>>> print(open('input_9.tsv').read())   # TSV, C-alpha atoms and all ligand atoms
chain	number	residue	atom	x	y	z
A	68	MET	CA	-19.22	4.93	-12.93
A	69	SER	CA	-17.81	3.41	-9.75
A	70	ARG	CA	-15.02	5.01	-7.78
A	71	PRO	CA	-11.42	4.09	-8.47
A	72	LEU	CA	-9.67	1.55	-6.31
A	73	LEU	CA	-6.77	2.45	-4.06
A	74	PHE	CA	-4.39	-0.44	-3.39
A	75	LEU	CA	-2.60	0.26	-0.17
A	76	ASP	CA	0.71	-1.17	0.99
A	77	VAL	CA	1.49	-1.08	4.73
A	78	ASP	CA	5.27	-1.28	5.19
A	79	GLY	CA	6.65	1.81	3.51
A	80	PRO	CA	3.62	4.07	2.98
A	81	LEU	CA	1.89	3.65	6.37
A	82	ASN	CA	4.84	2.31	8.33
A	83	PRO	CA	8.02	4.24	7.44
A	84	TYR	CA	10.18	1.30	8.44
A	85	ALA	CA	13.33	2.74	6.86
A	86	ALA	CA	13.30	5.90	8.99
A	87	LYS	CA	16.10	6.20	11.53
A	88	ALA	CA	15.48	3.49	14.10
A	89	GLN	CA	15.68	5.65	17.19
A	90	ARG	CA	13.64	8.53	15.84
A	91	ARG	CA	9.93	7.91	15.56
A	92	PRO	CA	8.48	10.49	13.16
A	93	GLU	CA	6.19	13.10	14.65
A	94	GLY	CA	2.52	12.15	14.75
A	95	TYR	CA	3.24	8.41	14.75
A	96	THR	CA	2.42	5.78	17.32
A	97	THR	CA	4.20	2.46	17.87
A	98	ILE	CA	2.66	-1.01	17.76
A	99	ARG	CA	4.41	-4.31	18.29
A	100	PRO	CA	2.30	-6.97	16.57
A	101	THR	CA	2.60	-10.44	18.02
A	102	VAL	CA	1.74	-12.24	14.78
A	103	GLY	CA	4.70	-14.29	13.73
A	104	SER	CA	6.17	-13.66	10.31
A	105	PHE	CA	9.82	-13.70	9.41
A	106	ARG	CA	9.22	-11.02	6.76
A	107	ARG	CA	7.31	-8.63	8.95
A	108	PRO	CA	8.72	-5.87	11.12
A	109	LEU	CA	8.44	-6.33	14.88
A	110	ARG	CA	8.11	-2.62	15.49
A	111	VAL	CA	5.56	-0.76	13.40
A	112	TRP	CA	5.07	3.00	13.32
A	113	LEU	CA	1.58	4.16	12.32
A	114	ASN	CA	-0.03	7.57	11.97
A	115	PRO	CA	-3.68	7.91	13.16
A	116	ALA	CA	-4.18	10.80	10.72
A	117	HIS	CA	-3.56	8.59	7.69
A	118	GLY	CA	-6.87	6.72	7.76
A	119	PRO	CA	-9.13	9.78	7.68
A	120	ALA	CA	-6.93	11.36	4.99
A	121	LEU	CA	-7.15	8.24	2.82
A	122	LEU	CA	-10.89	7.92	3.29
A	123	GLY	CA	-11.36	11.47	2.02
A	124	LEU	CA	-9.66	10.90	-1.34
A	125	GLY	CA	-12.62	9.46	-3.25
A	126	TYR	CA	-11.42	5.86	-3.62
A	127	ASP	CA	-12.55	2.41	-2.60
A	128	LEU	CA	-9.65	1.27	-0.44
A	129	CYS	CA	-8.13	-2.20	-0.60
A	130	TRP	CA	-5.10	-3.64	1.19
A	131	ALA	CA	-2.26	-4.75	-1.06
A	132	THR	CA	0.26	-5.90	1.53
A	133	THR	CA	2.01	-8.93	2.96
A	134	TRP	CA	-0.19	-8.38	5.99
A	135	MET	CA	-3.25	-9.40	3.93
A	136	ALA	CA	-6.14	-10.15	6.35
A	137	GLU	CA	-3.96	-9.30	9.36
A	138	ALA	CA	-3.96	-5.65	8.23
A	139	ASN	CA	-7.56	-5.39	9.39
A	140	ARG	CA	-6.59	-6.61	12.83
A	141	TRP	CA	-3.33	-4.76	13.44
A	142	ILE	CA	-3.20	-1.76	11.13
A	143	ALA	CA	-6.74	-0.54	10.39
A	144	PRO	CA	-7.80	0.30	13.98
A	145	VAL	CA	-4.61	2.26	14.66
A	146	VAL	CA	-4.59	4.36	11.49
A	147	GLY	CA	-8.35	4.94	11.62
A	148	LEU	CA	-9.61	2.76	8.78
A	149	PRO	CA	-12.61	0.42	8.72
A	150	GLU	CA	-12.19	-3.23	7.83
A	151	LEU	CA	-11.12	-3.33	4.17
A	152	PRO	CA	-10.99	-6.00	1.49
A	153	TYR	CA	-7.52	-7.22	0.65
A	154	VAL	CA	-5.70	-8.72	-2.30
A	155	ASP	CA	-5.04	-12.39	-1.54
A	156	PHE	CA	-1.57	-13.05	-2.94
A	157	GLY	CA	-1.75	-16.73	-2.07
A	158	THR	CA	1.30	-18.62	-3.31
A	159	GLY	CA	2.46	-15.49	-5.14
A	160	LEU	CA	3.53	-13.87	-1.87
A	161	PHE	CA	7.19	-12.85	-2.32
A	162	ALA	CA	7.43	-14.98	-5.48
A	163	PHE	CA	10.42	-14.04	-7.63
A	164	ARG	CA	9.68	-13.18	-11.27
A	165	PRO	CA	12.45	-13.34	-13.85
A	166	ASP	CA	10.85	-10.47	-15.79
A	167	GLY	CA	11.46	-8.12	-12.86
A	168	VAL	CA	7.76	-7.43	-12.29
A	169	HIS	CA	6.91	-7.13	-8.59
A	170	TRP	CA	5.18	-10.16	-7.08
A	171	LYS	CA	2.14	-8.02	-6.22
A	172	THR	CA	1.53	-6.54	-9.65
A	173	GLU	CA	-0.21	-9.36	-11.51
A	174	ALA	CA	-2.60	-10.00	-8.60
A	175	ILE	CA	-3.40	-6.29	-8.28
A	176	VAL	CA	-4.19	-5.99	-11.99
A	177	ALA	CA	-6.36	-9.12	-11.81
A	178	TYR	CA	-8.21	-7.77	-8.77
A	179	ALA	CA	-8.91	-4.44	-10.48
A	180	GLN	CA	-10.66	-6.10	-13.46
A	181	GLY	CA	-10.18	-3.00	-15.56
A	182	ARG	CA	-11.36	-0.51	-12.95
A	183	PRO	CA	-9.23	2.62	-12.60
A	184	PHE	CA	-6.81	2.29	-9.70
A	185	ALA	CA	-3.99	3.89	-7.80
A	186	TRP	CA	-1.37	1.69	-6.14
A	187	VAL	CA	0.59	3.14	-3.25
A	188	ASP	CA	3.78	1.23	-2.47
A	189	ASP	CA	7.50	1.65	-1.82
A	190	GLU	CA	8.64	-1.08	-4.23
A	191	GLN	CA	7.32	-0.46	-7.73
A	192	SER	CA	9.73	-0.25	-10.64
A	193	PRO	CA	9.50	0.65	-14.35
A	194	GLN	CA	8.77	-3.03	-15.06
A	195	ASP	CA	5.57	-2.69	-13.05
A	196	THR	CA	4.55	0.44	-14.94
A	197	ARG	CA	5.12	-1.46	-18.17
A	198	TYR	CA	3.19	-4.52	-16.95
A	199	VAL	CA	0.22	-2.42	-15.87
A	200	GLY	CA	0.25	-0.49	-19.15
A	201	THR	CA	0.11	-3.75	-21.09
A	202	HIS	CA	-2.34	-5.76	-18.98
A	203	HIS	CA	-4.67	-3.20	-17.46
A	204	PRO	CA	-7.11	-1.49	-19.85
A	205	GLY	CA	-8.12	1.37	-17.51
A	206	PRO	CA	-6.26	4.35	-16.05
A	207	ALA	CA	-3.73	3.53	-13.34
A	208	LEU	CA	-1.39	5.47	-11.08
A	209	LEU	CA	1.58	3.70	-9.55
A	210	HIS	CA	2.45	6.04	-6.73
A	211	HIS	CA	5.79	5.50	-5.05
A	212	VAL	CA	6.31	6.39	-1.39
A	213	ASP	CA	9.73	6.63	0.27
A	214	PRO	CA	9.85	4.06	3.12
A	215	ARG	CA	12.05	6.44	5.13
A	216	ILE	CA	9.24	9.00	5.12
A	217	GLY	CA	5.85	7.38	4.58
A	218	LEU	CA	2.71	9.07	3.30
A	219	ARG	CA	2.66	12.86	3.46
A	220	GLU	CA	0.48	15.65	2.12
A	221	PRO	CA	2.01	15.73	-1.40
A	222	ASP	CA	1.14	12.03	-1.72
A	223	PHE	CA	-2.47	12.64	-0.75
A	224	ALA	CA	-2.57	15.55	-3.20
A	225	ALA	CA	-1.28	13.36	-6.05
A	226	LEU	CA	-3.87	10.69	-5.26
A	227	ARG	CA	-6.64	13.27	-5.07
A	228	ASP	CA	-5.56	14.75	-8.41
A	229	PHE	CA	-5.57	11.36	-10.11
A	230	ALA	CA	-9.07	10.55	-8.83
A	231	THR	CA	-10.46	13.87	-10.01
A	232	THR	CA	-9.01	13.53	-13.53
A	233	LEU	CA	-10.85	10.26	-14.18
A	234	PRO	CA	-13.83	10.40	-16.53
A	235	ALA	CA	-17.09	10.69	-14.59
B	301	MG	MG	6.17	-2.02	1.22
>>> encode(input="input_9.tsv", output="structure tokens")
Amino acid sequence: MSRPLLFLDVDGPLNPYAAKAQRRPEGYTTIRPTVGSFRRPLRVWLNPAHGPALLGLGYDLCWATTWMAEANRWIAPVVGLPELPYVDFGTGLFAFRPDGVHWKTEAIVAYAQGRPFAWVDDEQSPQDTRYVGTHHPGPALLHHVDPRIGLREPDFAALRDFATTLPA
């Protein structure tokens, strides 16, 4: 059986954008991407230890972020990740859904095609858990990360645990 997928958000889990503005967390480095996007932060904090930690979890990694292809240019080299595939949200980017499901969720479930996955993000809600439970036939972990803090060891432990509980 193939490895589970890990859908990875950038702003929140890798970039703790909601941390106090004048206090860069320890271990982080600052980048100022010049790509224009009105939804994207101008100052991005990234931790070079995150890439190696993520690569050691036993998943196939995949970007699930507004950065889409730009994540490979701006984020991957700084956090220590190789070029990764990404979920193309197309016209669904930021699209409002009256059922309260996040605009990423349907595309993530479609991308997974039934494969077990974990989704690391700072914006899931119970509606997303419900949507995944209804539309995704395999195991799934929606793992929430506080955007004031970003990924830390307990998050990696939870992801590792989920991957090891999957049927071989
Ligand atoms: Mg986010």
>>> residues_near_point(input="input_9.tsv", point="(-3.3, 13.4, 4.4)", cutoff="10 Å", atoms="all atoms listed in the file", output="list in words")
Ala116, His117, Gly118, Pro119, Ala120, Leu121, Leu122, Gly123, Leu124, Leu218, Arg219, Glu220, Pro221, Asp222, Phe223 and Ala224 of chain A
>>> atom_distance(input="input_9.tsv", atom1="CA of Arg215 (chain A)", atom2="CA of Leu109 (chain A)")
16.5 Å
>>> closest_atom_pairs(input="input_9.tsv", of="chain A", to="ligand MG 301 (chain B)", cutoff="8 Å", atoms="only C-alpha atoms and all ligand atoms", output="CSV")
residue,atom,partner,partner_atom,distance
A:Asp76,CA,B:MG301,MG,5.5
A:Val77,CA,B:MG301,MG,5.9
A:Asp78,CA,B:MG301,MG,4.1
A:Gly79,CA,B:MG301,MG,4.5
A:Pro80,CA,B:MG301,MG,6.8
A:Thr132,CA,B:MG301,MG,7.1
A:Asp188,CA,B:MG301,MG,5.5
A:Asp189,CA,B:MG301,MG,4.9
A:Glu190,CA,B:MG301,MG,6.1
A:Pro214,CA,B:MG301,MG,7.4
>>> closest_residue(input="input_9.tsv", among="A:Ala136, A:Leu151, A:Cys129, A:Ile216", to="Pro71 (chain A)", atoms="all atoms listed in the file")
A:Cys129
>>> closest_residue(input="input_9.tsv", among="A:Leu233, A:Val187, A:Val111, A:Ala225", to="Pro206 (chain A)", atoms="all atoms listed in the file")
A:Leu233
>>> closest_residue(input="input_9.tsv", among="A:Trp130, A:Val168, A:Pro149, A:Val212", to="Val199 (chain A)", atoms="all atoms listed in the file")
A:Val168
>>> axis_aligned_box(input="input_9.tsv", around="region 120-132 of chain A", padding_each_side="3 Å", output="JSON")
{"center_x": -6.2, "center_y": 2.8, "center_z": 0.7, "size_x": 18.9, "size_y": 23.4, "size_z": 14.6}
>>> residues_around(input="input_9.tsv", residues="region 171-182 of chain A", least_positions_apart="4", cutoff="10 Å", atoms="only C-alpha atoms", output="MDAnalysis selection string")
chainID A and resid 68:74 129:133 153:157 159:162 186 190:191 194:196 198:199 202:207
>>> closest_residue(input="input_9.tsv", among="A:Ala85, A:Leu113, A:Ala235, A:Leu148", to="Thr97 (chain A)", atoms="only C-alpha atoms")
A:Leu113
>>> atom_distance(input="input_9.tsv", atom1="CA of Ala86 (chain A)", atom2="CA of Arg99 (chain A)")
16.4 Å
>>> residues_around(input="input_9.tsv", residues="Thr96 (chain A)", least_positions_apart="2", cutoff="10 Å", atoms="all atoms listed in the file", output="MDAnalysis selection string")
chainID A and resid 82 91:94 98 111:115 145:146
>>> write_last_selection(input="input_9.tsv", atoms="C-alpha atoms", output="mmCIF file, in the coordinates of the input")
data_model
loop_
_atom_site.group_PDB
_atom_site.id
_atom_site.type_symbol
_atom_site.label_atom_id
_atom_site.label_comp_id
_atom_site.auth_asym_id
_atom_site.auth_seq_id
_atom_site.Cartn_x
_atom_site.Cartn_y
_atom_site.Cartn_z
ATOM 1 C CA ASN A 82 4.840 2.310 8.330
ATOM 2 C CA ARG A 91 9.930 7.910 15.560
ATOM 3 C CA PRO A 92 8.480 10.490 13.160
ATOM 4 C CA GLU A 93 6.190 13.100 14.650
ATOM 5 C CA GLY A 94 2.520 12.150 14.750
ATOM 6 C CA ILE A 98 2.660 -1.010 17.760
ATOM 7 C CA VAL A 111 5.560 -0.760 13.400
ATOM 8 C CA TRP A 112 5.070 3.000 13.320
ATOM 9 C CA LEU A 113 1.580 4.160 12.320
ATOM 10 C CA ASN A 114 -0.030 7.570 11.970
ATOM 11 C CA PRO A 115 -3.680 7.910 13.160
ATOM 12 C CA VAL A 145 -4.610 2.260 14.660
ATOM 13 C CA VAL A 146 -4.590 4.360 11.490
#
>>> atom_distance(input="input_9.tsv", atom1="CA of Ala185 (chain A)", atom2="CA of Leu208 (chain A)")
4.5 Å
>>> closest_residue(input="input_9.tsv", among="A:Gly167, A:Pro193, A:Arg227, A:Asp127", to="Glu150 (chain A)", atoms="only C-alpha atoms")
A:Asp127
>>> closest_residue(input="input_9.tsv", among="A:Arg110, A:Met135, A:Ala230, A:Leu81", to="Gly147 (chain A)", atoms="all atoms listed in the file")
A:Leu81
>>> build_atoms(input="input_9.tsv", residues="region 115-142 of chain A", atoms="N, CA and C atoms", output="mmCIF file, keeping the file's coordinate frame")
data_model
loop_
_atom_site.group_PDB
_atom_site.id
_atom_site.type_symbol
_atom_site.label_atom_id
_atom_site.label_comp_id
_atom_site.auth_asym_id
_atom_site.auth_seq_id
_atom_site.Cartn_x
_atom_site.Cartn_y
_atom_site.Cartn_z
ATOM 1 N N PRO A 115 -2.208 7.912 13.083
ATOM 2 C CA PRO A 115 -3.680 7.910 13.160
ATOM 3 C C PRO A 115 -4.347 8.906 12.215
ATOM 4 N N ALA A 116 -3.587 9.848 11.676
ATOM 5 C CA ALA A 116 -4.180 10.800 10.720
ATOM 6 C C ALA A 116 -4.292 10.215 9.315
ATOM 7 N N HIS A 117 -3.589 9.122 9.057
ATOM 8 C CA HIS A 117 -3.560 8.590 7.690
ATOM 9 C C HIS A 117 -4.908 8.023 7.240
ATOM 10 N N GLY A 118 -5.596 7.327 8.136
ATOM 11 C CA GLY A 118 -6.870 6.720 7.760
ATOM 12 C C GLY A 118 -7.893 7.747 7.279
ATOM 13 N N PRO A 119 -8.180 8.758 8.123
ATOM 14 C CA PRO A 119 -9.130 9.780 7.680
ATOM 15 C C PRO A 119 -8.702 10.462 6.386
ATOM 16 N N ALA A 120 -7.411 10.720 6.227
ATOM 17 C CA ALA A 120 -6.930 11.360 4.990
ATOM 18 C C ALA A 120 -7.194 10.463 3.786
ATOM 19 N N LEU A 121 -6.928 9.172 3.938
ATOM 20 C CA LEU A 121 -7.150 8.240 2.820
ATOM 21 C C LEU A 121 -8.624 8.104 2.486
ATOM 22 N N LEU A 122 -9.453 8.085 3.513
ATOM 23 C CA LEU A 122 -10.890 7.920 3.290
ATOM 24 C C LEU A 122 -11.492 9.125 2.563
ATOM 25 N N GLY A 123 -10.833 10.265 2.651
ATOM 26 C CA GLY A 123 -11.360 11.470 2.020
ATOM 27 C C GLY A 123 -10.927 11.669 0.576
ATOM 28 N N LEU A 124 -10.248 10.704 -0.006
ATOM 29 C CA LEU A 124 -9.660 10.900 -1.340
ATOM 30 C C LEU A 124 -10.592 10.509 -2.486
ATOM 31 N N GLY A 125 -11.698 9.838 -2.185
ATOM 32 C CA GLY A 125 -12.620 9.460 -3.250
ATOM 33 C C GLY A 125 -12.364 8.101 -3.872
ATOM 34 N N TYR A 126 -11.727 7.216 -3.124
ATOM 35 C CA TYR A 126 -11.420 5.860 -3.620
ATOM 36 C C TYR A 126 -12.145 4.800 -2.789
ATOM 37 N N ASP A 127 -12.253 3.613 -3.380
ATOM 38 C CA ASP A 127 -12.550 2.410 -2.600
ATOM 39 C C ASP A 127 -11.217 1.795 -2.213
ATOM 40 N N LEU A 128 -10.955 1.725 -0.920
ATOM 41 C CA LEU A 128 -9.650 1.270 -0.440
ATOM 42 C C LEU A 128 -9.574 -0.246 -0.395
ATOM 43 N N CYS A 129 -8.365 -0.757 -0.615
ATOM 44 C CA CYS A 129 -8.130 -2.200 -0.600
ATOM 45 C C CYS A 129 -6.691 -2.444 -0.177
ATOM 46 N N TRP A 130 -6.469 -3.320 0.784
ATOM 47 C CA TRP A 130 -5.100 -3.640 1.190
ATOM 48 C C TRP A 130 -4.366 -4.378 0.073
ATOM 49 N N ALA A 131 -3.119 -4.011 -0.137
ATOM 50 C CA ALA A 131 -2.260 -4.750 -1.060
ATOM 51 C C ALA A 131 -0.911 -4.890 -0.350
ATOM 52 N N THR A 132 -0.846 -5.828 0.580
ATOM 53 C CA THR A 132 0.260 -5.900 1.530
ATOM 54 C C THR A 132 0.487 -7.332 1.978
ATOM 55 N N THR A 133 1.714 -7.613 2.393
ATOM 56 C CA THR A 133 2.010 -8.930 2.960
ATOM 57 C C THR A 133 1.164 -9.219 4.203
ATOM 58 N N TRP A 134 0.632 -8.174 4.806
ATOM 59 C CA TRP A 134 -0.190 -8.380 5.990
ATOM 60 C C TRP A 134 -1.523 -9.058 5.642
ATOM 61 N N MET A 135 -1.960 -8.865 4.423
ATOM 62 C CA MET A 135 -3.250 -9.400 3.930
ATOM 63 C C MET A 135 -4.340 -9.224 4.996
ATOM 64 N N ALA A 136 -5.023 -10.293 5.415
ATOM 65 C CA ALA A 136 -6.140 -10.150 6.350
ATOM 66 C C ALA A 136 -5.705 -9.571 7.698
ATOM 67 N N GLU A 137 -4.446 -9.790 8.074
ATOM 68 C CA GLU A 137 -3.960 -9.300 9.360
ATOM 69 C C GLU A 137 -3.931 -7.759 9.406
ATOM 70 N N ALA A 138 -3.944 -7.117 8.247
ATOM 71 C CA ALA A 138 -3.960 -5.650 8.230
ATOM 72 C C ALA A 138 -5.225 -5.120 8.895
ATOM 73 N N ASN A 139 -6.318 -5.837 8.751
ATOM 74 C CA ASN A 139 -7.560 -5.390 9.390
ATOM 75 C C ASN A 139 -7.495 -5.500 10.909
ATOM 76 N N ARG A 140 -6.706 -6.430 11.378
ATOM 77 C CA ARG A 140 -6.590 -6.610 12.830
ATOM 78 C C ARG A 140 -5.589 -5.640 13.442
ATOM 79 N N TRP A 141 -4.426 -5.491 12.806
ATOM 80 C CA TRP A 141 -3.330 -4.760 13.440
ATOM 81 C C TRP A 141 -3.186 -3.322 12.975
ATOM 82 N N ILE A 142 -3.496 -3.072 11.714
ATOM 83 C CA ILE A 142 -3.200 -1.760 11.130
ATOM 84 C C ILE A 142 -4.427 -0.853 11.113
#
